[in-house]
$ cat target-v4.cif   # mmCIF, C-alpha atoms and all ligand atoms
data_query
loop_
_atom_site.label_atom_id
_atom_site.label_comp_id
_atom_site.auth_asym_id
_atom_site.auth_seq_id
_atom_site.Cartn_x
_atom_site.Cartn_y
_atom_site.Cartn_z
CA MET P 1 -112.72 46.00 -29.98
CA PHE P 2 -112.89 48.64 -27.23
CA PRO P 3 -113.57 46.30 -24.27
CA GLU P 4 -113.06 49.18 -21.81
CA LEU P 5 -115.79 51.18 -23.54
CA ALA P 6 -118.22 48.27 -23.24
CA GLN P 7 -117.69 48.32 -19.48
CA GLU P 8 -118.34 52.07 -19.26
CA LEU P 9 -121.50 51.76 -21.33
CA ALA P 10 -122.68 48.93 -19.10
CA ASP P 11 -122.02 51.12 -16.05
CA LEU P 12 -124.09 53.91 -17.57
CA GLU P 13 -126.86 51.41 -18.21
CA THR P 14 -126.97 50.28 -14.56
CA GLN P 15 -127.13 53.91 -13.38
CA ALA P 16 -129.97 54.61 -15.83
CA LEU P 17 -127.66 57.13 -17.50
CA ARG P 18 -127.14 55.45 -20.87
CA ARG P 19 -128.36 57.58 -23.77
CA ARG P 20 -129.51 56.42 -27.19
CA LEU P 21 -130.37 58.18 -30.41
CA GLN P 22 -133.93 57.90 -31.59
CA VAL P 23 -135.06 58.54 -35.11
CA VAL P 24 -137.73 61.13 -35.80
CA GLU P 25 -139.46 59.66 -38.82
CA GLU P 26 -141.51 62.69 -39.67
CA VAL P 27 -142.02 66.26 -38.48
CA LEU P 28 -145.72 67.11 -38.45
CA PRO P 29 -147.66 70.38 -38.08
CA GLY P 30 -148.81 71.53 -34.64
CA GLY P 31 -145.48 70.76 -32.99
CA LYS P 32 -145.85 66.99 -33.46
CA VAL P 33 -143.45 64.28 -34.58
CA ARG P 34 -143.69 60.65 -35.60
CA VAL P 35 -141.32 58.30 -33.78
CA LYS P 36 -141.53 54.49 -34.15
CA SER P 37 -144.77 55.00 -36.06
CA GLN P 38 -146.33 56.83 -33.09
CA VAL P 39 -147.47 60.44 -33.39
CA LEU P 40 -146.27 62.43 -30.37
CA LEU P 41 -146.82 65.97 -29.19
CA ASN P 42 -143.24 67.22 -29.14
CA LEU P 43 -142.65 68.89 -25.78
CA SER P 44 -138.87 68.66 -26.10
CA SER P 45 -138.12 70.97 -28.97
CA ASN P 46 -136.35 74.33 -28.77
CA ASP P 47 -138.27 75.54 -31.81
CA TYR P 48 -140.18 77.86 -29.47
CA LEU P 49 -141.84 80.01 -32.11
CA GLY P 50 -142.60 77.14 -34.48
CA LEU P 51 -140.38 78.64 -37.18
CA ALA P 52 -138.34 75.59 -38.19
CA GLN P 53 -141.03 74.56 -40.69
CA ASP P 54 -142.25 78.06 -41.53
CA PRO P 55 -142.71 78.55 -45.30
CA ARG P 56 -141.11 82.00 -45.10
CA LEU P 57 -137.91 80.60 -43.61
CA ILE P 58 -137.87 77.78 -46.14
CA ALA P 59 -138.34 80.30 -48.95
CA GLY P 60 -135.56 82.46 -47.46
CA ALA P 61 -133.22 79.48 -47.40
CA GLN P 62 -134.13 78.50 -50.96
CA ALA P 63 -133.69 82.03 -52.32
CA ALA P 64 -130.31 82.38 -50.61
CA ALA P 65 -129.19 79.02 -52.00
CA ALA P 66 -130.31 79.97 -55.49
CA ARG P 67 -128.42 83.26 -55.37
CA TRP P 68 -125.30 82.35 -53.35
CA GLY P 69 -125.05 78.55 -53.45
CA VAL P 70 -125.12 76.05 -50.61
CA GLY P 71 -121.63 76.67 -49.27
CA ALA P 72 -119.66 79.79 -48.40
CA GLY P 73 -116.53 78.19 -49.82
CA ALA P 74 -114.09 79.35 -47.16
CA SER P 75 -113.73 80.74 -43.69
CA ARG P 76 -114.89 84.29 -43.15
CA LEU P 77 -111.45 85.92 -43.09
CA VAL P 78 -110.32 84.09 -46.21
CA VAL P 79 -112.98 84.59 -48.86
CA GLY P 80 -116.14 83.25 -47.20
CA HIS P 81 -117.52 86.60 -45.99
CA LEU P 82 -120.34 87.01 -48.49
CA GLY P 83 -122.49 90.09 -48.88
CA LEU P 84 -125.21 88.04 -47.21
CA HIS P 85 -123.15 87.62 -44.03
CA GLU P 86 -122.51 91.36 -43.91
CA GLU P 87 -126.21 92.16 -44.38
CA VAL P 88 -127.45 89.68 -41.79
CA GLU P 89 -124.91 90.84 -39.21
CA THR P 90 -125.94 94.46 -39.75
CA GLU P 91 -129.61 93.51 -39.32
CA LEU P 92 -128.76 91.49 -36.25
CA ALA P 93 -126.94 94.40 -34.59
CA ALA P 94 -130.00 96.60 -35.17
CA PHE P 95 -132.29 93.86 -33.81
CA LYS P 96 -130.15 93.60 -30.67
CA GLY P 97 -129.84 97.39 -30.32
CA VAL P 98 -126.03 97.39 -30.31
CA GLU P 99 -123.22 98.63 -32.58
CA ALA P 100 -122.11 95.40 -34.15
CA ALA P 101 -122.51 91.63 -34.25
CA VAL P 102 -120.68 88.55 -35.47
CA ILE P 103 -122.23 85.22 -36.42
CA PHE P 104 -120.64 81.87 -35.59
CA SER P 105 -121.69 78.52 -37.04
CA THR P 106 -123.33 77.41 -33.79
CA GLY P 107 -124.09 78.78 -30.36
CA TYR P 108 -121.60 76.30 -28.96
CA MET P 109 -118.87 77.76 -31.16
CA ALA P 110 -119.86 81.31 -30.23
CA ASN P 111 -119.46 80.59 -26.51
CA VAL P 112 -116.24 78.68 -26.88
CA GLY P 113 -114.85 81.31 -29.25
CA VAL P 114 -115.69 84.45 -27.35
CA ILE P 115 -114.69 83.20 -23.90
CA ALA P 116 -111.35 81.77 -25.02
CA ALA P 117 -110.64 84.92 -27.07
CA LEU P 118 -111.22 87.33 -24.20
CA MET P 119 -109.86 85.37 -21.27
CA GLY P 120 -106.63 83.51 -20.58
CA PRO P 121 -104.57 81.88 -17.85
CA GLY P 122 -104.47 84.07 -14.74
CA ASP P 123 -107.83 85.71 -15.54
CA LEU P 124 -110.95 85.03 -13.48
CA ILE P 125 -114.36 83.91 -14.72
CA PHE P 126 -117.42 84.03 -12.46
CA SER P 127 -119.99 81.57 -13.73
CA ASP P 128 -123.44 80.48 -12.51
CA ARG P 129 -123.49 76.81 -11.53
CA LEU P 130 -126.25 76.08 -14.09
CA ASN P 131 -124.68 77.83 -17.07
CA HIS P 132 -124.78 75.90 -20.33
CA ALA P 133 -122.13 73.26 -21.07
CA SER P 134 -120.73 75.31 -23.95
CA ILE P 135 -119.90 78.10 -21.50
CA MET P 136 -118.11 75.58 -19.29
CA ASP P 137 -116.15 74.32 -22.28
CA GLY P 138 -115.20 77.88 -23.27
CA ILE P 139 -113.93 78.50 -19.76
CA LYS P 140 -111.84 75.31 -19.83
CA LEU P 141 -110.43 76.18 -23.21
CA SER P 142 -109.53 79.70 -22.08
CA GLY P 143 -107.35 78.42 -19.23
CA ALA P 144 -108.79 81.12 -16.95
CA SER P 145 -109.57 80.29 -13.36
CA LEU P 146 -113.20 79.33 -12.76
CA GLN P 147 -115.09 80.87 -9.85
CA ARG P 148 -118.39 79.02 -9.88
CA PHE P 149 -121.25 80.36 -7.75
CA PRO P 150 -124.44 78.53 -6.74
CA HIS P 151 -127.37 79.09 -9.07
CA ARG P 152 -128.59 82.72 -8.91
CA ASP P 153 -126.83 83.21 -5.56
CA LEU P 154 -125.91 86.92 -5.49
CA ASN P 155 -124.47 86.83 -1.98
CA ARG P 156 -122.02 84.09 -2.82
CA LEU P 157 -121.10 85.82 -6.04
CA GLU P 158 -120.40 89.07 -4.22
CA LYS P 159 -118.18 87.24 -1.69
CA LEU P 160 -116.20 85.74 -4.55
CA LEU P 161 -115.88 89.18 -6.15
CA GLN P 162 -114.63 90.67 -2.87
CA GLN P 163 -112.03 87.93 -2.47
CA ALA P 164 -110.84 88.09 -6.07
CA PRO P 165 -107.25 89.27 -6.40
CA ALA P 166 -107.01 92.74 -7.95
CA GLY P 167 -105.35 93.48 -11.26
CA LYS P 168 -106.69 90.47 -13.11
CA ARG P 169 -109.08 90.52 -16.03
CA ARG P 170 -112.50 89.42 -14.76
CA LEU P 171 -115.63 88.24 -16.56
CA LEU P 172 -119.06 87.38 -15.18
CA ILE P 173 -121.11 84.99 -17.31
CA THR P 174 -124.72 83.92 -17.01
CA ASP P 175 -127.46 82.35 -19.10
CA SER P 176 -130.37 84.79 -19.21
CA VAL P 177 -132.93 81.96 -19.34
CA PHE P 178 -131.58 78.75 -17.81
CA SER P 179 -132.12 75.73 -19.99
CA VAL P 180 -132.74 73.16 -17.28
CA ASP P 181 -134.79 75.21 -14.80
CA GLY P 182 -136.50 77.65 -17.17
CA ASP P 183 -135.86 80.47 -14.73
CA LEU P 184 -134.30 83.89 -15.29
CA ALA P 185 -130.96 85.33 -14.28
CA PRO P 186 -131.24 88.19 -11.75
CA LEU P 187 -129.92 90.46 -14.46
CA ARG P 188 -130.57 93.82 -12.81
CA GLU P 189 -128.58 92.78 -9.74
CA LEU P 190 -125.82 91.23 -11.84
CA VAL P 191 -125.47 94.48 -13.79
CA GLU P 192 -125.16 96.38 -10.51
CA LEU P 193 -122.48 93.99 -9.24
CA LYS P 194 -120.62 94.18 -12.52
CA GLU P 195 -120.60 97.98 -12.33
CA ARG P 196 -119.66 98.08 -8.64
CA TYR P 197 -116.76 95.66 -9.06
CA GLY P 198 -115.72 96.82 -12.50
CA LEU P 199 -115.77 93.58 -14.48
CA TRP P 200 -117.23 92.50 -17.82
CA LEU P 201 -120.67 90.91 -18.03
CA MET P 202 -121.58 88.36 -20.70
CA ILE P 203 -125.09 86.93 -21.07
CA ASP P 204 -126.18 83.89 -23.07
CA GLU P 205 -129.63 84.59 -24.51
CA ALA P 206 -130.00 81.24 -26.32
CA HIS P 207 -133.46 80.57 -24.86
CA ALA P 208 -134.52 84.23 -24.74
CA THR P 209 -133.74 85.39 -28.27
CA GLY P 210 -137.04 85.72 -30.12
CA VAL P 211 -138.98 85.10 -26.91
CA LEU P 212 -138.37 87.91 -24.40
CA GLY P 213 -138.26 91.68 -24.78
CA PRO P 214 -140.56 94.07 -26.63
CA GLY P 215 -138.66 93.44 -29.87
CA GLY P 216 -137.80 89.82 -29.11
CA ALA P 217 -134.11 90.59 -28.52
CA GLY P 218 -133.99 88.90 -25.11
CA LEU P 219 -133.96 89.51 -21.38
CA ALA P 220 -131.56 92.48 -21.49
CA GLN P 221 -133.99 94.27 -23.79
CA GLU P 222 -136.95 93.26 -21.65
CA LEU P 223 -135.34 94.90 -18.60
CA GLY P 224 -133.94 97.91 -20.48
CA LEU P 225 -130.36 96.81 -19.72
CA THR P 226 -128.97 96.37 -23.21
CA ASP P 227 -126.36 99.13 -22.87
CA ARG P 228 -125.17 97.87 -19.51
CA VAL P 229 -124.29 94.36 -20.69
CA ASP P 230 -120.88 94.09 -22.37
CA ILE P 231 -121.25 90.87 -24.33
CA HIS P 232 -124.57 89.66 -25.74
CA MET P 233 -124.48 86.06 -26.93
CA GLY P 234 -127.38 84.10 -28.39
CA THR P 235 -128.42 81.63 -31.05
CA PHE P 236 -130.60 81.21 -34.11
CA SER P 237 -130.97 77.51 -33.33
CA LYS P 238 -133.83 77.77 -30.88
CA ALA P 239 -136.72 80.22 -31.23
CA LEU P 240 -135.35 81.41 -34.58
CA GLY P 241 -135.76 77.95 -36.02
CA SER P 242 -132.49 77.24 -37.84
CA LEU P 243 -128.83 77.31 -36.82
CA GLY P 244 -126.03 79.63 -35.78
CA GLY P 245 -124.73 81.57 -32.81
CA TYR P 246 -123.98 85.24 -32.41
CA VAL P 247 -122.08 87.69 -30.27
CA ALA P 248 -123.27 91.29 -30.27
CA GLY P 249 -121.98 94.43 -28.59
CA ALA P 250 -119.48 97.23 -29.14
CA ARG P 251 -117.81 97.53 -32.54
CA ARG P 252 -114.42 97.16 -30.88
CA LEU P 253 -115.43 93.86 -29.27
CA ILE P 254 -116.57 92.46 -32.61
CA ASP P 255 -113.40 93.64 -34.40
CA TYR P 256 -111.39 91.92 -31.70
CA LEU P 257 -113.31 88.66 -32.09
CA HIS P 258 -112.69 88.69 -35.86
CA ASN P 259 -109.01 88.61 -34.94
CA ARG P 260 -108.96 86.35 -31.92
CA ALA P 261 -111.93 83.97 -31.78
CA ARG P 262 -110.51 80.70 -33.08
CA SER P 263 -113.88 79.02 -33.68
CA PHE P 264 -114.69 81.96 -35.97
CA ILE P 265 -111.32 82.12 -37.71
CA TYR P 266 -110.61 78.43 -38.30
CA SER P 267 -114.00 77.24 -39.45
CA THR P 268 -115.95 77.61 -42.67
CA ALA P 269 -118.46 80.45 -42.80
CA LEU P 270 -122.12 79.65 -42.21
CA PRO P 271 -123.74 78.55 -45.51
CA PRO P 272 -126.08 80.88 -47.44
CA PRO P 273 -129.32 78.88 -46.99
CA VAL P 274 -128.97 79.14 -43.21
CA LEU P 275 -128.35 82.88 -43.48
CA GLY P 276 -131.45 83.19 -45.66
CA ALA P 277 -133.47 81.39 -42.99
CA ILE P 278 -132.01 83.56 -40.22
CA ARG P 279 -132.90 86.69 -42.07
CA ALA P 280 -136.49 85.56 -42.63
CA ALA P 281 -136.73 84.56 -38.96
CA LEU P 282 -135.56 88.00 -37.80
CA GLU P 283 -138.30 89.53 -39.90
CA VAL P 284 -140.99 87.24 -38.45
CA VAL P 285 -139.80 88.05 -34.92
CA ARG P 286 -139.97 91.77 -35.68
CA GLU P 287 -143.38 91.64 -37.35
CA GLU P 288 -145.22 89.05 -35.27
CA PRO P 289 -144.82 89.86 -31.59
CA GLU P 290 -148.05 87.91 -30.98
CA ARG P 291 -146.11 84.66 -31.46
CA ARG P 292 -143.99 85.29 -28.39
CA SER P 293 -146.85 86.67 -26.31
CA LYS P 294 -148.97 83.62 -27.12
CA LEU P 295 -146.08 81.33 -26.23
CA LEU P 296 -145.55 82.98 -22.85
CA GLU P 297 -149.29 83.02 -22.06
CA GLU P 298 -149.69 79.33 -22.89
CA SER P 299 -146.57 78.55 -20.88
CA ALA P 300 -147.87 80.37 -17.81
CA LYS P 301 -151.18 78.51 -18.06
CA PHE P 302 -149.44 75.16 -18.45
CA ARG P 303 -147.08 75.85 -15.53
CA LEU P 304 -149.90 76.92 -13.22
CA GLY P 305 -151.81 73.76 -14.12
CA LEU P 306 -148.81 71.65 -13.11
CA GLN P 307 -148.30 73.60 -9.90
CA ASP P 308 -151.96 73.27 -8.98
CA ALA P 309 -151.56 69.51 -9.28
CA GLY P 310 -148.68 69.66 -6.81
CA PHE P 311 -145.73 69.33 -9.18
CA ASP P 312 -142.51 71.16 -8.38
CA THR P 313 -141.75 73.28 -11.45
CA LEU P 314 -138.61 74.71 -9.82
CA GLY P 315 -138.16 78.40 -10.64
CA SER P 316 -139.63 78.25 -14.13
CA GLU P 317 -140.88 81.59 -15.49
CA THR P 318 -140.63 80.88 -19.20
CA GLN P 319 -141.57 78.46 -21.99
CA ILE P 320 -139.23 75.91 -20.37
CA VAL P 321 -141.17 74.11 -17.65
CA PRO P 322 -139.40 71.36 -15.70
CA VAL P 323 -141.09 68.93 -13.35
CA LEU P 324 -138.75 67.76 -10.62
CA VAL P 325 -138.72 64.00 -10.10
CA GLY P 326 -135.45 63.36 -8.27
CA LYS P 327 -134.28 59.84 -9.08
CA ASN P 328 -132.92 58.92 -12.50
CA GLU P 329 -134.99 55.73 -12.76
CA SER P 330 -138.29 57.42 -11.82
CA THR P 331 -137.55 60.21 -14.27
CA LEU P 332 -137.12 57.73 -17.10
CA GLN P 333 -140.24 55.90 -15.98
CA PHE P 334 -142.28 59.10 -15.97
CA ALA P 335 -141.01 60.17 -19.39
CA GLY P 336 -141.69 56.64 -20.70
CA ALA P 337 -145.25 56.63 -19.36
CA LEU P 338 -145.91 60.02 -20.98
CA ARG P 339 -144.51 58.74 -24.21
CA GLU P 340 -146.89 55.80 -24.21
CA ARG P 341 -149.67 58.34 -23.93
CA GLY P 342 -148.47 60.41 -26.86
CA LEU P 343 -146.22 63.02 -25.24
CA MET P 344 -142.57 63.46 -26.08
CA ALA P 345 -140.75 64.95 -23.10
CA VAL P 346 -137.19 64.06 -22.35
CA GLY P 347 -135.92 63.20 -18.90
CA LEU P 348 -132.86 65.19 -17.84
CA ARG P 349 -130.35 63.35 -15.71
CA PRO P 350 -126.90 64.08 -14.33
CA PRO P 351 -124.53 65.44 -15.47
CA THR P 352 -126.97 67.76 -17.25
CA VAL P 353 -128.59 68.45 -13.85
CA PRO P 354 -127.19 68.03 -10.31
CA PRO P 355 -127.41 64.52 -8.77
CA GLY P 356 -130.81 63.85 -7.20
CA LYS P 357 -132.44 66.59 -9.29
CA ALA P 358 -133.42 64.56 -12.32
CA ARG P 359 -136.49 65.92 -14.00
CA VAL P 360 -138.76 65.82 -16.99
CA ARG P 361 -138.54 69.04 -18.94
CA PHE P 362 -141.36 70.38 -21.07
CA SER P 363 -140.64 73.00 -23.72
CA LEU P 364 -143.60 74.77 -25.21
CA SER P 365 -143.86 76.14 -28.71
CA ALA P 366 -146.12 78.63 -30.45
CA ALA P 367 -146.71 75.77 -32.91
CA HIS P 368 -148.66 73.82 -30.26
CA GLY P 369 -152.43 74.12 -30.38
CA SER P 370 -154.19 75.26 -27.21
CA GLU P 371 -156.33 72.13 -27.09
CA ASP P 372 -153.30 69.89 -27.50
CA LEU P 373 -151.64 71.63 -24.56
CA ASP P 374 -154.75 71.31 -22.40
CA ALA P 375 -154.94 67.61 -23.20
CA ALA P 376 -151.20 67.23 -22.51
CA LEU P 377 -151.58 68.88 -19.12
CA LYS P 378 -154.36 66.49 -18.22
CA THR P 379 -152.27 63.50 -19.28
CA ILE P 380 -149.24 64.71 -17.33
CA VAL P 381 -151.26 65.22 -14.16
CA GLU P 382 -152.94 61.80 -14.42
CA THR P 383 -149.64 60.06 -15.13
CA GLY P 384 -147.89 61.93 -12.33
CA ARG P 385 -150.67 61.06 -9.91
CA ALA P 386 -150.39 57.36 -10.74
CA MET P 387 -146.68 57.60 -9.92
CA GLY P 388 -147.19 59.58 -6.72
CA LEU P 389 -145.64 62.73 -8.16
CA ALA P 390 -148.82 64.81 -8.12
CA ARG P 391 -151.96 65.16 -6.09
C1 LIG V 1 -128.41 75.53 -26.99
C2 LIG V 1 -127.55 76.42 -26.21
C3 LIG V 1 -126.28 76.81 -26.67
C4 LIG V 1 -125.67 76.21 -27.89
O1 LIG V 1 -126.28 76.64 -29.04
P1 LIG V 1 -126.26 75.75 -30.37
O2 LIG V 1 -126.63 76.72 -31.41
O3 LIG V 1 -127.23 74.65 -30.18
O4 LIG V 1 -124.85 75.24 -30.53
C5 LIG V 1 -125.58 77.72 -25.92
N1 LIG V 1 -126.07 78.23 -24.77
C6 LIG V 1 -127.28 77.86 -24.28
C7 LIG V 1 -127.76 78.44 -23.01
C8 LIG V 1 -128.04 76.94 -24.98
O5 LIG V 1 -129.20 76.55 -24.50
#

$ encode --input "target-v4.cif" --output "structure tokens"
Amino acid sequence: MFPELAQELADLETQALRRRLQVVEEVLPGGKVRVKSQVLLNLSSNDYLGLAQDPRLIAGAQAAAARWGVGAGASRLVVGHLGLHEEVETELAAFKGVEAAVIFSTGYMANVGVIAALMGPGDLIFSDRLNHASIMDGIKLSGASLQRFPHRDLNRLEKLLQQAPAGKRRLLITDSVFSVDGDLAPLRELVELKERYGLWLMIDEAHATGVLGPGGAGLAQELGLTDRVDIHMGTFSKALGSLGGYVAGARRLIDYLHNRARSFIYSTALPPPVLGAIRAALEVVREEPERRSKLLEESAKFRLGLQDAGFDTLGSETQIVPVLVGKNESTLQFAGALRERGLMAVGLRPPTVPPGKARVRFSLSAAHGSEDLDAALKTIVETGRAMGLAR
């Protein structure tokens, strides 16, 4: 069956682009996992605050299941909007410092839903070249015309804005922390452009929620720009340790999404245990700012160590620290060598990154012990040196 698929898979194999699932046999404390009987320091997780195994989140999920059950029973607009959804969305809006918020089942669904709800054929969407795949899919689904600008290139963006035909609905979208480079959007400048050219600005805070900002709300909060961003999107699936996506902003925006976002309307409401975990995570983020400060301090130390050894960490400024390798094969080789020495770091290849920019990406977590990170750094430098990637 499927002979044509066999050929495509074989082609992927020859380009070192074939992907395979691997089983995590056990999740261990300290940000470690067991895979094929080997214990590895997990430097590939998005569980940045180490909350996925936190007893308070587990208790929150259990309590919510005991009170409300394990399923919402229907989509939100039918009869799946439980008191728990209402409460968590109210708390979330306060956490984000905006009027209102709506929760989707995943961040992917939030992006697809909000973009396709707001934009349509004939409209224009200005999108950073490195924006997340779910943003790209939302743009495709919307039917709007895509105006893609090179990564963080404000001059090119402004040229596109100047050339854009008047009288169309226009939306500018950016990740706030970019998932493959670990760098930050030039948010201040983007806000200025948005105001000068009179378009909407949407930011995806998937990697910043729980990590940046005095209250952990993200980059907009960190820079004091919350009120000047129209659409705040983010997830509970990364630093907040469980699952779900959100859109936050003006009450009117959220009311509109209830009516027009198809991934919200035609999908079952998020189940109570997840909401219980989200709620507990929001509380931890509020009450334990030291988790995010520790994470960012350890990340800076780790990044500097790599840079001192001569690695190119691209523009990383966050807990996401890539090491540029270039070729797909060498990237896999590097990741494989690290794995043999007890480090789990996944190689990123095209189409996730541009051709020739394959890399190994390290994601740090507050769950990692300082000594484990120091040892990991040493291993990475030694391995990189042996491969001619470091001094
Ligand atoms: C992970 C991610 C998403 C998707 O979120 P999920 O909750 O995993 O579906 C969206 N945007 C960005 C930038 C992400 O990194």

$ residues_near_point --input "target-v4.cif" --point "(-125.1, 78.1, -38.1)" --cutoff "9 Å" --atoms "all atoms listed in the file" --output "PyMOL selection string"
chain P and resi 103-107+235-237+242-245+269-271+274-275

$ residues_near_ligand --input "target-v4.cif" --ligand "ligand LIG 1 (chain V)" --cutoff "10 Å" --atoms "all atoms listed in the file" --output "PyMOL selection string"
chain P and resi 46+104-112+130-135+174-180+203-208+233-238+242-246

$ closest_residue --input "target-v4.cif" --among "P:Thr268, P:Thr379, P:Gln62, P:Asn328" --to "Gly356 in chain P" --atoms "only C-alpha atoms"
P:Asn328

$ atom_distance --input "target-v4.cif" --atom1 "CA of Gln147 in chain P" --atom2 "CA of Phe126 in chain P"
4.7 Å

$ atom_distance --input "target-v4.cif" --atom1 "CA of Val346 in chain P" --atom2 "CA of Leu364 in chain P"
12.8 Å

$ closest_residue --input "target-v4.cif" --among "P:Glu26, P:Asp312, P:Asp54, P:Glu283" --to "Val88 in chain P" --atoms "only C-alpha atoms"
P:Glu283

$ residues_around --input "target-v4.cif" --residues "Gln22 in chain P" --least-positions-apart "5" --cutoff "12 Å" --atoms "all atoms listed in the file" --output "NGL selection string"
:P and (33-36 or 344 or 346)

$ write_last_selection --input "target-v4.cif" --atoms "C-alpha atoms" --output "PDB file, in the frame of the given file"
ATOM      1  CA  VAL P  33    -143.450  64.280 -34.580  1.00  0.00           C
ATOM      2  CA  ARG P  34    -143.690  60.650 -35.600  1.00  0.00           C
ATOM      3  CA  VAL P  35    -141.320  58.300 -33.780  1.00  0.00           C
ATOM      4  CA  LYS P  36    -141.530  54.490 -34.150  1.00  0.00           C
ATOM      5  CA  MET P 344    -142.570  63.460 -26.080  1.00  0.00           C
ATOM      6  CA  VAL P 346    -137.190  64.060 -22.350  1.00  0.00           C
TER       7      VAL P 346
END

$ residues_around --input "target-v4.cif" --residues "Gly30 in chain P" --least-positions-apart "2" --cutoff "10 Å" --atoms "only C-alpha atoms" --output "JSON, numbers by chain"
{"P": [27, 28, 32, 33, 41, 42, 50, 365, 366, 367, 368, 369, 370, 372]}

$ closest_residue --input "target-v4.cif" --among "P:Gln53, P:Ser267, P:Thr90, P:Thr352" --to "Val78 in chain P" --atoms "only C-alpha atoms"
P:Ser267

$ residues_around --input "target-v4.cif" --residues "Asp255 in chain P" --least-positions-apart "5" --cutoff "10 Å" --atoms "only C-alpha atoms" --output "compact mmCIF listing (two decimals) with C-alpha atoms, in the coordinates of the input"
# COMPACT_ATOMS: atom_id res chain seq x y z
CA ALA P 100 -122.11 95.40 -34.15
CA ALA P 101 -122.51 91.63 -34.25
CA VAL P 102 -120.68 88.55 -35.47
CA ALA P 250 -119.48 97.23 -29.14
CA ARG P 260 -108.96 86.35 -31.92

$ atom_distance --input "target-v4.cif" --atom1 "CA of Glu290 in chain P" --atom2 "CA of Leu190 in chain P"
29.5 Å

$ residues_around --input "target-v4.cif" --residues "Asp227 in chain P" --least-positions-apart "3" --cutoff "9 Å" --atoms "only C-alpha atoms" --output "list of chain:residue names"
P:Gly97, P:Val98, P:Ala220, P:Gly224, P:Asp230, P:Gly249

$ closest_residue --input "target-v4.cif" --among "P:Val191, P:Ala248, P:Gly198, P:Arg18" --to "Val229 in chain P" --atoms "only C-alpha atoms"
P:Val191

$ residues_around --input "target-v4.cif" --residues "Ala117 in chain P" --least-positions-apart "6" --cutoff "10 Å" --atoms "all atoms listed in the file" --output "list in words"
Asn111, Gly138, Leu141, Ser142, Tyr256, Leu257, His258, Asn259, Arg260, Ala261, Arg262 and Ser263 of chain P

$ residues_near_point --input "target-v4.cif" --point "(-119.9, 97.3, -13.1)" --cutoff "12 Å" --atoms "only C-alpha atoms" --output "PDB file with C-alpha atoms, in the coordinates of the input"
ATOM      1  CA  LEU P 161    -115.880  89.180  -6.150  1.00  0.00           C
ATOM      2  CA  ARG P 170    -112.500  89.420 -14.760  1.00  0.00           C
ATOM      3  CA  LEU P 171    -115.630  88.240 -16.560  1.00  0.00           C
ATOM      4  CA  LEU P 172    -119.060  87.380 -15.180  1.00  0.00           C
ATOM      5  CA  ARG P 188    -130.570  93.820 -12.810  1.00  0.00           C
ATOM      6  CA  GLU P 189    -128.580  92.780  -9.740  1.00  0.00           C
ATOM      7  CA  LEU P 190    -125.820  91.230 -11.840  1.00  0.00           C
ATOM      8  CA  VAL P 191    -125.470  94.480 -13.790  1.00  0.00           C
ATOM      9  CA  GLU P 192    -125.160  96.380 -10.510  1.00  0.00           C
ATOM     10  CA  LEU P 193    -122.480  93.990  -9.240  1.00  0.00           C
ATOM     11  CA  LYS P 194    -120.620  94.180 -12.520  1.00  0.00           C
ATOM     12  CA  GLU P 195    -120.600  97.980 -12.330  1.00  0.00           C
ATOM     13  CA  ARG P 196    -119.660  98.080  -8.640  1.00  0.00           C
ATOM     14  CA  TYR P 197    -116.760  95.660  -9.060  1.00  0.00           C
ATOM     15  CA  GLY P 198    -115.720  96.820 -12.500  1.00  0.00           C
ATOM     16  CA  LEU P 199    -115.770  93.580 -14.480  1.00  0.00           C
ATOM     17  CA  TRP P 200    -117.230  92.500 -17.820  1.00  0.00           C
ATOM     18  CA  LEU P 201    -120.670  90.910 -18.030  1.00  0.00           C
ATOM     19  CA  MET P 202    -121.580  88.360 -20.700  1.00  0.00           C
ATOM     20  CA  ASP P 227    -126.360  99.130 -22.870  1.00  0.00           C
ATOM     21  CA  ARG P 228    -125.170  97.870 -19.510  1.00  0.00           C
ATOM     22  CA  VAL P 229    -124.290  94.360 -20.690  1.00  0.00           C
ATOM     23  CA  ASP P 230    -120.880  94.090 -22.370  1.00  0.00           C
TER      24      ASP P 230
END

$ closest_residue --input "target-v4.cif" --among "P:Lys140, P:Arg169, P:Arg129, P:Arg341" --to "Glu382 in chain P" --atoms "all atoms listed in the file"
P:Arg341

$ decode --input "target-v4.cif" --residues "range 351-363 of chain P" --atoms "C-alpha atoms" --output "mmCIF file, in the first residue's frame"
data_model
loop_
_atom_site.group_PDB
_atom_site.id
_atom_site.type_symbol
_atom_site.label_atom_id
_atom_site.label_comp_id
_atom_site.auth_asym_id
_atom_site.auth_seq_id
_atom_site.Cartn_x
_atom_site.Cartn_y
_atom_site.Cartn_z
ATOM 1 C CA PRO P 351 11.442 23.396 7.051
ATOM 2 C CA THR P 352 11.405 24.361 10.743
ATOM 3 C CA VAL P 353 14.449 26.578 10.062
ATOM 4 C CA PRO P 354 15.731 28.073 6.775
ATOM 5 C CA PRO P 355 17.922 25.814 4.578
ATOM 6 C CA GLY P 356 21.569 25.832 5.684
ATOM 7 C CA LYS P 357 20.618 27.050 9.167
ATOM 8 C CA ALA P 358 20.097 23.718 10.870
ATOM 9 C CA ARG P 359 20.885 23.869 14.543
ATOM 10 C CA VAL P 360 20.731 22.142 17.876
ATOM 11 C CA ARG P 361 18.378 23.952 20.208
ATOM 12 C CA PHE P 362 18.708 23.870 23.966
ATOM 13 C CA SER P 363 15.743 24.831 26.136
#
